[in-house]
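See below for upload37.cif, which holds mmCIF, C-alpha atoms.
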data_input
loop_
_atom_site.label_atom_id
_atom_site.label_comp_id
_atom_site.auth_asym_id
_atom_site.auth_seq_id
_atom_site.Cartn_x
_atom_site.Cartn_y
_atom_site.Cartn_z
CA MET W 1 44.27 242.78 31.33
CA LYS W 2 46.25 240.10 33.14
CA LEU W 3 48.68 240.98 35.92
CA LYS W 4 51.78 239.84 34.02
CA GLN W 5 50.79 241.88 30.98
CA LEU W 6 50.26 244.97 33.12
CA GLU W 7 53.65 244.48 34.79
CA SER W 8 55.29 244.11 31.37
CA TYR W 9 53.84 247.41 30.13
CA LEU W 10 54.95 249.24 33.28
CA GLY W 11 58.41 247.72 33.08
CA SER W 12 59.02 249.51 29.78
CA LEU W 13 58.45 253.00 31.21
CA GLU W 14 61.22 255.58 31.44
CA GLN W 15 62.27 256.45 35.00
CA PHE W 16 64.22 259.26 36.70
CA SER W 17 67.62 259.93 35.13
CA THR W 18 68.66 262.42 37.83
CA PRO W 19 66.36 261.88 40.83
CA LYS W 20 66.10 264.65 43.44
CA ILE W 21 66.78 263.52 46.99
CA GLU W 22 65.05 266.57 48.49
CA LEU W 23 61.82 265.27 46.92
CA GLU W 24 62.59 261.66 47.90
CA GLN W 25 62.29 260.60 44.29
CA TYR W 26 62.39 256.82 43.98
CA PRO W 27 60.88 254.91 41.07
CA THR W 28 57.77 252.86 41.75
CA GLY W 29 58.80 249.51 40.30
CA ALA W 30 56.61 247.66 37.83
CA HIS W 31 56.21 244.70 40.20
CA ILE W 32 54.77 246.68 43.08
CA ALA W 33 52.83 249.16 40.91
CA SER W 34 51.10 246.45 38.89
CA ARG W 35 49.98 244.59 42.00
CA MET W 36 48.80 247.78 43.65
CA LEU W 37 46.50 248.79 40.78
CA TYR W 38 45.49 245.25 39.86
CA THR W 39 44.29 244.72 43.43
CA ALA W 40 42.46 248.06 43.47
CA GLU W 41 40.51 247.02 40.38
CA ASN W 42 40.02 243.29 40.75
CA SER W 43 39.32 243.21 44.48
CA PHE W 44 37.45 246.52 44.91
CA GLU W 45 36.48 247.83 41.42
CA ASP W 46 38.08 251.21 42.17
CA VAL W 47 39.79 251.79 38.80
CA ASN W 48 37.85 250.83 35.66
CA SER W 49 35.51 253.63 34.50
CA LYS W 50 36.64 255.79 37.45
CA VAL W 51 38.37 259.17 37.61
CA VAL W 52 41.76 258.40 39.14
CA ALA W 53 44.38 260.84 40.45
CA ASP W 54 48.03 259.90 40.94
CA PHE W 55 49.42 262.10 43.74
CA GLY W 56 53.15 262.74 43.45
CA CYS W 57 53.00 260.90 40.14
CA GLY W 58 56.71 261.13 39.37
CA CYS W 59 57.20 259.34 36.06
CA GLY W 60 53.52 258.38 35.96
CA THR W 61 53.72 254.66 36.72
CA LEU W 62 50.68 254.33 38.99
CA GLY W 63 48.50 256.65 36.94
CA LEU W 64 49.38 254.89 33.70
CA ALA W 65 48.62 251.54 35.32
CA ALA W 66 45.16 252.93 36.08
CA GLY W 67 44.81 254.00 32.45
CA LEU W 68 45.78 250.54 31.23
CA LEU W 69 43.11 249.06 33.51
CA GLY W 70 40.39 251.21 31.95
CA ALA W 71 40.13 254.31 34.12
CA GLU W 72 37.73 256.87 32.65
CA SER W 73 40.37 259.58 33.08
CA VAL W 74 43.66 259.92 34.92
CA ILE W 75 45.25 263.01 36.44
CA GLY W 76 48.90 263.09 37.50
CA LEU W 77 50.01 265.68 40.04
CA ASP W 78 53.61 266.45 40.93
CA ILE W 79 55.69 269.42 42.06
CA ASP W 80 58.61 268.56 39.74
CA ALA W 81 58.40 269.73 36.12
CA GLU W 82 61.07 267.29 34.92
CA SER W 83 59.14 264.34 36.33
CA LEU W 84 55.98 265.49 34.59
CA GLU W 85 57.85 265.66 31.28
CA ILE W 86 58.92 262.03 31.69
CA ALA W 87 55.39 261.02 32.68
CA TYR W 88 54.00 262.79 29.61
CA ALA W 89 56.47 260.94 27.37
CA ASN W 90 55.52 257.62 29.02
CA ALA W 91 51.83 258.30 28.42
CA ASP W 92 52.57 259.12 24.80
CA GLU W 93 54.57 255.91 24.41
CA LEU W 94 51.64 253.85 25.72
CA GLU W 95 49.17 255.92 23.67
CA LEU W 96 47.20 256.79 26.80
CA ASP W 97 45.51 260.08 27.63
CA MET W 98 46.63 261.44 30.99
CA ASP W 99 46.33 264.99 32.28
CA PHE W 100 49.09 266.56 34.34
CA ILE W 101 49.14 269.31 36.96
CA GLN W 102 52.26 270.82 38.51
CA CYS W 103 51.50 271.59 42.14
CA ASP W 104 52.54 271.05 45.76
CA ILE W 105 50.48 268.13 47.06
CA SER W 106 51.07 269.07 50.70
CA ASN W 107 49.35 272.43 50.13
CA LEU W 108 46.77 271.27 47.62
CA LYS W 109 43.55 273.25 47.28
CA TRP W 110 41.56 271.05 44.92
CA ARG W 111 39.12 272.83 42.62
CA GLY W 112 39.05 270.28 39.82
CA GLN W 113 36.65 267.54 38.79
CA ILE W 114 35.36 264.92 41.20
CA VAL W 115 38.03 262.26 41.75
CA GLU W 116 36.84 258.85 42.83
CA THR W 117 40.16 257.13 43.50
CA VAL W 118 43.56 258.47 44.52
CA VAL W 119 46.66 256.29 44.12
CA MET W 120 50.06 257.30 45.42
CA ASN W 121 53.52 256.33 46.52
CA PRO W 122 54.22 259.31 48.77
CA PRO W 123 57.62 260.35 50.15
CA PHE W 124 58.21 258.35 53.32
CA GLY W 125 59.21 261.43 55.27
CA THR W 126 62.91 260.60 55.63
CA ARG W 127 63.96 264.03 54.33
CA ARG W 128 61.01 266.06 55.58
CA LYS W 129 59.25 264.60 58.57
CA GLY W 130 55.53 264.18 58.07
CA ALA W 131 55.60 264.42 54.27
CA ASP W 132 53.82 261.07 53.95
CA MET W 133 50.99 262.19 56.20
CA ASP W 134 50.63 265.51 54.37
CA PHE W 135 50.02 263.52 51.19
CA LEU W 136 47.49 261.29 52.93
CA SER W 137 45.66 264.27 54.39
CA SER W 138 45.34 265.89 50.94
CA ALA W 139 44.28 262.63 49.29
CA MET W 140 41.50 262.04 51.80
CA LYS W 141 40.09 265.48 51.06
CA VAL W 142 39.97 264.80 47.32
CA ALA W 143 38.97 261.13 46.89
CA SER W 144 35.27 260.31 47.01
CA GLN W 145 35.66 256.51 46.92
CA ALA W 146 39.10 255.28 47.98
CA VAL W 147 42.76 256.12 48.52
CA TYR W 148 45.49 253.57 47.85
CA SER W 149 48.86 254.42 49.35
CA LEU W 150 52.20 252.87 50.26
CA HIS W 151 53.67 253.51 53.72
CA LYS W 152 56.51 251.95 55.69
CA THR W 153 55.32 248.99 57.72
CA THR W 154 57.05 250.45 60.77
CA THR W 155 54.56 253.36 60.70
CA ARG W 156 51.45 251.16 60.55
CA GLU W 157 49.89 252.10 63.89
CA HIS W 158 50.61 255.80 63.42
CA VAL W 159 49.11 255.83 59.91
CA LYS W 160 45.93 254.04 61.00
CA ARG W 161 45.41 256.24 64.04
CA ALA W 162 45.89 259.46 62.05
CA ALA W 163 43.64 258.32 59.19
CA LEU W 164 40.73 257.44 61.46
CA ARG W 165 41.14 260.25 63.95
CA ASP W 166 42.36 263.19 61.87
CA TYR W 167 41.67 262.56 58.18
CA ASN W 168 37.99 261.54 58.13
CA ALA W 169 38.62 257.94 57.11
CA ARG W 170 35.64 255.65 57.48
CA SER W 171 38.02 252.70 57.27
CA ALA W 172 41.77 252.14 57.00
CA GLU W 173 42.89 248.68 55.95
CA VAL W 174 46.28 247.18 55.15
CA ILE W 175 45.60 245.06 52.08
CA CYS W 176 49.02 243.46 51.99
CA GLU W 177 52.64 243.89 53.00
CA LEU W 178 55.10 244.26 50.14
CA ARG W 179 58.85 244.51 49.64
CA TYR W 180 59.88 247.84 48.13
CA ASP W 181 63.16 247.52 46.24
CA VAL W 182 65.17 250.71 46.64
CA PRO W 183 67.99 250.82 44.07
CA GLN W 184 71.34 252.54 44.60
CA LEU W 185 70.38 255.99 43.34
CA TYR W 186 72.16 258.47 45.58
CA LYS W 187 75.76 258.92 46.72
CA PHE W 188 74.95 258.09 50.34
CA HIS W 189 73.56 254.68 49.34
CA LYS W 190 76.16 252.09 50.31
CA LYS W 191 74.33 249.01 49.05
CA LYS W 192 73.37 248.16 45.48
CA GLU W 193 69.79 247.51 46.56
CA VAL W 194 67.77 247.59 49.78
CA ASP W 195 64.40 246.00 50.50
CA ILE W 196 62.01 248.01 52.65
CA ALA W 197 58.84 246.51 54.11
CA VAL W 198 55.86 248.62 53.05
CA ASP W 199 52.11 248.36 53.58
CA LEU W 200 49.61 248.78 50.78
CA TRP W 201 46.73 250.66 52.38
CA ARG W 202 43.15 251.19 51.25
CA PHE W 203 41.49 254.15 52.93
CA VAL W 204 37.79 254.83 52.48
CA PRO W 205 36.76 258.44 53.15
CA GLN W 206 33.57 259.28 54.96
CA ARG W 207 30.71 260.16 52.67
CA LYS W 208 29.92 263.86 52.37
CA GLN W 209 26.66 263.34 54.25
CA GLU W 210 28.56 261.71 57.13
CA ARG W 211 31.05 264.59 57.17
CA SER W 212 28.22 267.14 57.33
CA LEU W 213 26.57 265.34 60.24
CA SER W 214 29.92 265.24 62.03
CA ILE W 215 30.37 268.99 61.60
CA ILE W 216 26.83 269.67 62.87
CA LYS W 217 27.46 267.46 65.90
CA ILE W 218 30.69 269.25 66.73
CA GLU W 219 29.05 272.66 66.37
CA SER W 220 26.21 271.57 68.66
CA ILE W 221 28.65 270.50 71.33
CA GLN W 222 30.49 273.81 71.10
CA ILE W 223 27.24 275.75 71.54
#

File written out as structure tokens:
Amino acid sequence: MKLKQLESYLGSLEQFSTPKIELEQYPTGAHIASRMLYTAENSFEDVNSKVVADFGCGCGTLGLAAGLLGAESVIGLDIDAESLEIAYANADELELDMDFIQCDISNLKWRGQIVETVVMNPPFGTRRKGADMDFLSSAMKVASQAVYSLHKTTTREHVKRAALRDYNARSAEVICELRYDVPQLYKFHKKKEVDIAVDLWRFVPQRKQERSLSIIKIESIQI
């Protein structure tokens, strides 16, 4: 599927009618979502025939983009039941199979199938400090192949340091810098639209064997 075609499909999706500020609900626009998943597939082969999870899926845009690009299966996770209903309707409209789980990503205890790729547009942490890093921590525990995530460019050094030091990332790379269009959704928004500089990250988790060796090494030092 070509990029423009993917963007066109995503542009037809229903979005939040009454977004919840406490959850930092902002729509992931078709422009940024299409480029995020198109890059994940065409540059790294992390989507087609893979099991993909969309963390904090909202209305399902990223997960459905993965489905359109040939993911083997897609799982959408979100704490908000209303968002999941919209995502389900969007999947039905596109005639795509997508499973949904209502849960709190920041306290996720994953017991499901093996997920190869996690995609997400996490809350930036403007309402609850550290929410973005809680999402990243959970994603790195679940993904076996890669995590794609959007974070404010101003947090770049903090995100990289935490990923490599605290979240078992083998690598943390900013693929590109994008402009995130935030529409006037809430009463406190004074401008019709605001552009925020965001980084598209690709995190590669350590392999399970590497994690085991790390644990053994730490235990040996403690002894």

Within-7 Å shell of (37.9, 249.7, 34.0) in input frame, all atoms listed in the file, as a ChimeraX atom specification: /W:47-49,69-71

Generate a file of the selected residues that holds C-alpha atoms, formatted as a compact mmCIF listing (two decimals), in the coordinates of the input.
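Written out: again27.txt:
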# COMPACT_ATOMS: atom_id res chain seq x y z
CA VAL W 47 39.79 251.79 38.80
CA ASN W 48 37.85 250.83 35.66
CA SER W 49 35.51 253.63 34.50
CA LEU W 69 43.11 249.06 33.51
CA GLY W 70 40.39 251.21 31.95
CA ALA W 71 40.13 254.31 34.12

Residues within 7 Å of (57.2, 248.7, 39.3), counting only C-alpha atoms, listed as a PyMOL selection string: chain W and resi 10-11+28-34

Result set, the PyMOL selection byres ((chain W and resi 51) around 12) on current file, as a ChimeraX atom specification: /W:46-50,52-54,63,66-67,69-76,98-99,112-119,142-146

Å distance separating atom CA of Tyr9 of chain W from atom CA of Leu150 of chain W, one decimal place: 20.9 Å

For atom CA of Pro27 of chain W and atom CA of Thr61 of chain W, the interatomic separation in Å (one decimal):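 These atoms are spaced 8.4 Å apart.
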
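Excluding Asn90 of chain W itself and any same-chain residue fewer than 6 positions from it, the protein and nucleic acid residues within 8 Å of it, counting all atoms listed in the file, are Leu13, Glu14, Cys59 and Gly60 of chain W.
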
d(atom CA of Pro122 of chain W, atom CA of Ser149 of chain W) in Å: 7.3 Å

Segment 198-204 of chain W surroundings by only C-alpha atoms, 6 Å radius, close-in-sequence under 3 positions cut, as number ranges by chain: W: 146-153, 169-178

W:Arg179, W:Arg35, W:Arg111, W:Arg156 ranked by distance to Lys141 of chain W, top pick (using only C-alpha atoms):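 The closest residue to Lys141 of chain W is W:Arg111.
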
What are the centre and the three edge lengths of an axis-aligned box that wraps all atoms of segment 109-115 of chain W in the file, given that 3 Å is added to every side, written as lines of an AutoDock Vina configuration file and rounded to one decimal in Å?
center_x = 39.5
center_y = 267.8
center_z = 43.0
size_x = 14.2
size_y = 17.0
size_z = 14.5

Explicit residues for the PyMOL selection byres ((chain W and resi 107) around 10) (as a PyMOL selection string): chain W and resi 103-106+108-110+134-135+137-138
